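Novice: Handing you a structure now.
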Amino acid sequence: MDRRAVIERLEDLRDHCQSMIDKDDPASIWWGDTEALTEAIKALSLDINKNQKGETDMTSEVKVTIVAHDGTTKEITGDTAICFTVSKAAEYLNGKAQMIDANEAFVGNDLPDPLFAVTIGSLVGSLIEVRQKESPMAAAFTLHEVSRILEAKSKSLVSGAADRQKEAELGKAIEEFLKAVLSR
């Protein structure tokens with residue numbers, strides 16, 4: 001049984017345990033079982049692609065120190081650190097540049113494919129919410145603008161693909177879906 005199938009079985013078991021919880025009984029043993037299964041699923045999900053990455057230890061943490069131009073530092077730790085740099089912002093604001101250049105660096109363990117989109121989406125969403133905490137409408141507008149930019153990028157990537165490539169990718173997606181459904 002591969003790791004994804006194990007995760008699916010654990011999710012089914014967790015759903016069963018959740019259905020057994022008596023909401024009026026805070027001491028129900030099913031609460032602990034549900035929590036333990038949730039943590040096991042998280043651990044397996046983080047480790048799902050380690051064989052493709054050379055048997056890295058997904059539980060080890062990295063420490064990153066960021067030094068600003070004024071000498072202030074900020075230290076962050078985690079199993080993965082994602083750092084972004086932005087340049088040409090002044091040129092963009094002055095109308096001299098069409099785009100802001102942004103570069104990223106990953107430090108530590110690579111994010112497994114099942115977690116990548118969720119992590120990046122959560123990161124962008126929380127960054128916008130924190131920056132625009134005082135104005136929920138402005139945050140909502142900014143999220144909409146970001147999604148518009150990402151949708152345009154997605155369409156641009158797909159438009160360059162040949163029909164044969166699109167069909168092959170669709171076939172793979174259907175195959176993965178059927179494997180997931182039939183393995184339950």
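Note on naming: chains are A, B, ... as they come in the structure tokens, residues start from 1 per chain, ligands start from 1 in the order shown.
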May I have the residues within 6 Å of stretch 29-34 of chain A as a list of chain:residue names, using only C-alpha atoms and disregarding those fewer than 5 positions away in the same chain?

Specialist: A:Arg14, A:Cys17, A:Ile21

Novice: Looking only at the backbone, which of the residues in chain A does DSSP tag as strand (DSSP E or B), as a list in words?

Specialist: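 Everything in chain A that counts as strand (DSSP E or B) is Val62, Lys63, Val64, Thr65, Ile66, Val67, Thr73, Lys74, Glu75, Ile76, Thr77, Gly78, Thr80, Ala81, Ile82, Cys83, Phe84, Thr85, Val86, Ser87, Asp101, Ala102, Asn103, Glu104, Ala105, Phe106, Val107 and Gly108 of chain A.
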
Novice: Find the residues around stretch 37-42 of chain A up to 12 Å (only C-alpha atoms counted), leave out those fewer than 6 positions away in its own chain, and share them as a list in words.

Specialist: Arg3, Arg4, Ala5, Val6, Ile7, Glu8, Arg9, Leu10, Glu11, Asp12, Leu13, Arg14, Asp15, His16, Cys17, Gln18, Trp30, Trp31, Ile48, Met58, Thr59, Pro112, Pro114 and Leu115 of chain A

Novice: As number ranges by chain, please: the residues near stretch 144-160 of chain A (cut-off 10 Å, only C-alpha atoms, same-chain neighbours under 5 positions excluded).

Specialist: A: 121, 124-125, 128, 138-139, 165-166

Novice: Which neighbours of stretch 77-81 of chain A fall inside 6 Å, counting only C-alpha atoms, when residues of the same chain fewer than 6 positions from it are skipped, and could you give them as a PyMOL selection string?

Specialist: chain A and resi 60-63+106-109
